[in-house]
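Below is the file entry_4.cif, which contains mmCIF, C-alpha atoms.
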data_target
loop_
_atom_site.label_atom_id
_atom_site.label_comp_id
_atom_site.auth_asym_id
_atom_site.auth_seq_id
_atom_site.Cartn_x
_atom_site.Cartn_y
_atom_site.Cartn_z
CA MET A 17 35.90 100.58 139.42
CA PHE A 18 38.91 101.14 141.60
CA GLU A 19 40.99 98.98 139.29
CA TYR A 20 39.81 100.95 136.28
CA LYS A 21 40.93 104.25 137.85
CA GLU A 22 44.30 102.78 138.76
CA LYS A 23 44.79 101.43 135.27
CA LYS A 24 43.85 104.83 133.86
CA LYS A 25 46.44 106.56 136.10
CA ILE A 26 49.10 104.11 135.03
CA ARG A 27 48.16 104.59 131.39
CA GLN A 28 48.29 108.37 131.81
CA ALA A 29 51.68 108.10 133.49
CA PHE A 30 53.03 106.14 130.51
CA HIS A 31 51.68 108.74 128.11
CA SER A 32 53.06 111.72 130.01
CA ARG A 33 55.93 113.97 128.89
CA TYR A 34 58.05 112.91 131.86
CA PHE A 35 57.86 109.27 130.94
CA LEU A 36 58.70 110.14 127.32
CA ALA A 37 61.74 112.19 128.40
CA LEU A 38 62.86 109.44 130.79
CA SER A 39 62.46 106.87 128.01
CA ILE A 40 64.54 108.97 125.60
CA VAL A 41 67.30 109.37 128.21
CA PHE A 42 67.22 105.62 128.86
CA VAL A 43 67.44 104.81 125.11
CA VAL A 44 70.33 107.27 124.64
CA LEU A 45 72.27 105.78 127.55
CA LEU A 46 71.58 102.26 126.32
CA SER A 47 72.69 103.22 122.78
CA ARG A 48 75.93 104.77 124.05
CA GLY A 49 76.71 101.60 125.99
CA ALA A 50 75.98 99.41 122.96
CA TYR A 51 78.16 101.62 120.74
CA GLY A 52 81.00 101.42 123.28
CA VAL A 53 80.78 97.62 123.22
CA TYR A 54 80.79 97.72 119.40
CA GLN A 55 83.92 99.88 119.36
CA LYS A 56 85.70 97.53 121.75
CA SER A 57 84.67 94.60 119.59
CA GLU A 58 86.13 96.25 116.47
CA GLU A 59 89.33 97.13 118.32
CA SER A 60 89.65 93.55 119.53
CA ARG A 61 89.10 92.25 116.00
CA GLU A 62 91.88 94.52 114.68
CA LYS A 63 94.24 93.43 117.45
CA LEU A 64 93.45 89.80 116.68
CA GLU A 65 94.30 90.30 113.00
CA THR A 66 97.55 92.07 113.94
CA ALA A 67 98.44 89.26 116.32
CA LYS A 68 97.73 86.65 113.62
CA ARG A 69 99.99 88.46 111.13
CA GLU A 70 102.72 88.76 113.74
CA LEU A 71 102.39 85.08 114.63
CA SER A 72 102.67 84.16 110.96
CA SER A 73 105.84 86.23 110.51
CA LEU A 74 107.34 84.78 113.69
CA GLU A 75 106.61 81.25 112.49
CA LYS A 76 108.35 81.98 109.18
CA ARG A 77 111.30 83.45 111.06
CA GLU A 78 111.43 80.36 113.27
CA GLU A 79 111.55 78.14 110.17
CA ARG A 80 114.44 80.20 108.73
CA LEU A 81 116.33 80.10 112.03
CA LEU A 82 115.85 76.36 112.39
CA ALA A 83 117.12 75.89 108.83
CA ASN A 84 120.16 78.05 109.63
CA ILE A 85 120.79 76.10 112.83
CA SER A 86 120.65 72.78 111.01
CA ARG A 87 122.96 74.17 108.29
CA LEU A 88 125.43 75.47 110.87
CA GLN A 89 125.59 72.07 112.56
CA THR A 90 127.51 70.72 109.56
CA ASP A 91 131.18 71.37 108.78
CA ARG A 92 130.31 72.70 105.33
CA GLY A 93 127.77 75.16 106.76
CA ILE A 94 130.24 76.47 109.30
CA GLU A 95 132.87 76.89 106.59
CA GLU A 96 130.42 78.78 104.34
CA GLU A 97 129.46 81.11 107.16
CA ILE A 98 133.07 81.86 108.08
CA ARG A 99 134.04 82.47 104.45
CA GLY A 100 131.03 84.73 103.93
CA LYS A 101 131.54 86.88 106.99
CA PHE A 102 135.29 87.16 107.29
CA ARG A 103 136.60 86.82 103.69
CA VAL A 104 139.11 84.11 104.47
CA ALA A 105 140.59 81.31 102.38
CA LYS A 106 142.07 77.96 103.25
CA GLU A 107 145.78 77.35 103.04
CA GLY A 108 146.82 76.92 99.43
CA GLU A 109 143.77 78.76 98.09
CA GLU A 110 143.95 82.15 96.48
CA MET A 111 141.37 84.82 97.03
CA ILE A 112 140.19 87.12 94.28
CA ILE A 113 138.45 90.31 95.25
CA LEU A 114 136.39 91.89 92.48
CA LEU A 115 135.81 95.60 92.56
CA ASP A 116 133.08 97.58 90.88
CA GLY A 117 133.90 99.14 87.52
CA LYS A 118 133.75 102.50 89.18
CA GLU A 119 137.09 103.63 90.42
CA GLU A 120 137.29 106.51 92.74
CA LYS A 121 139.46 109.25 91.37
CA THR A 122 140.84 111.68 93.82
CA GLU A 123 141.88 115.01 92.57
CA VAL A 124 144.51 116.99 94.34
CA LYS A 125 144.01 120.67 93.84
CA LYS A 126 147.05 122.81 93.90
CA VAL A 127 146.41 125.81 96.01
CA GLU A 128 147.88 128.90 94.51
CA LYS A 129 149.62 131.27 96.83
CA ARG A 130 148.38 134.77 97.18
CA TRP A 131 150.54 137.58 95.82
CA TRP A 132 151.99 138.48 99.17
CA GLU A 133 152.74 134.83 100.03
CA LYS A 134 154.93 134.50 96.93
CA TRP A 135 157.30 137.07 98.38
CA MET A 136 157.72 135.12 101.63
CA TRP A 137 160.36 132.81 100.05
CA TRP A 138 163.16 134.78 101.56
CA LYS A 139 161.86 133.91 105.05
CA GLY A 140 162.06 130.18 104.30
CA GLU A 141 158.29 129.56 104.27
CA GLU A 142 157.24 127.81 101.13
#

Rewrite the structure from the file as structure tokens, please.
Amino acid sequence: MFEYKEKKKIRQAFHSRYFLALSIVFVVLLSRGAYGVYQKSEESREKLETAKRELSSLEKREERLLANISRLQTDRGIEEEIRGKFRVAKEGEEMIILLDGKEEKTEVKKVEKRWWEKWMWWKGEE
């Protein structure tokens, strides 16, 4: 009979308002923790994708740089680079520089003297 009364007390304790409130607090805290872990997981996934894209672009850049290095290790590649950057020609060669069809026209405006400045000629200021 003693066991029955103890079981009844335990059962009543589980069905009390205090236990219900404590359970709700526990579930809320557990949910907040799980949501925090979920947010960190999503943030990590985004950082991983960003890192993969960056790695891909760096690998492409490495390929271009290695191609440029191998090109610059030849005499022809060095000559092309020098000609491209400094606009030079070898001895005996002529260089033609093409300009756009747009020519800049500069207009010189003649500033007219004011009426009282026209009379300053006798002072030698023209």

Enter the distance from CA of Glu110 in chain A to CA of Glu97 in chain A, in Å, rounded to one decimal.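 It comes out at 18.0 Å.
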
d(CA of Ala105 in chain A, CA of Ala83 in chain A) in Å: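 Pair CA of Ala105 in chain A / CA of Ala83 in chain A returns 24.9 Å.
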
Å distance separating CA of Val41 in chain A from CA of Ala29 in chain A, one decimal place: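 That distance, rounded to one decimal, is 16.5 Å.
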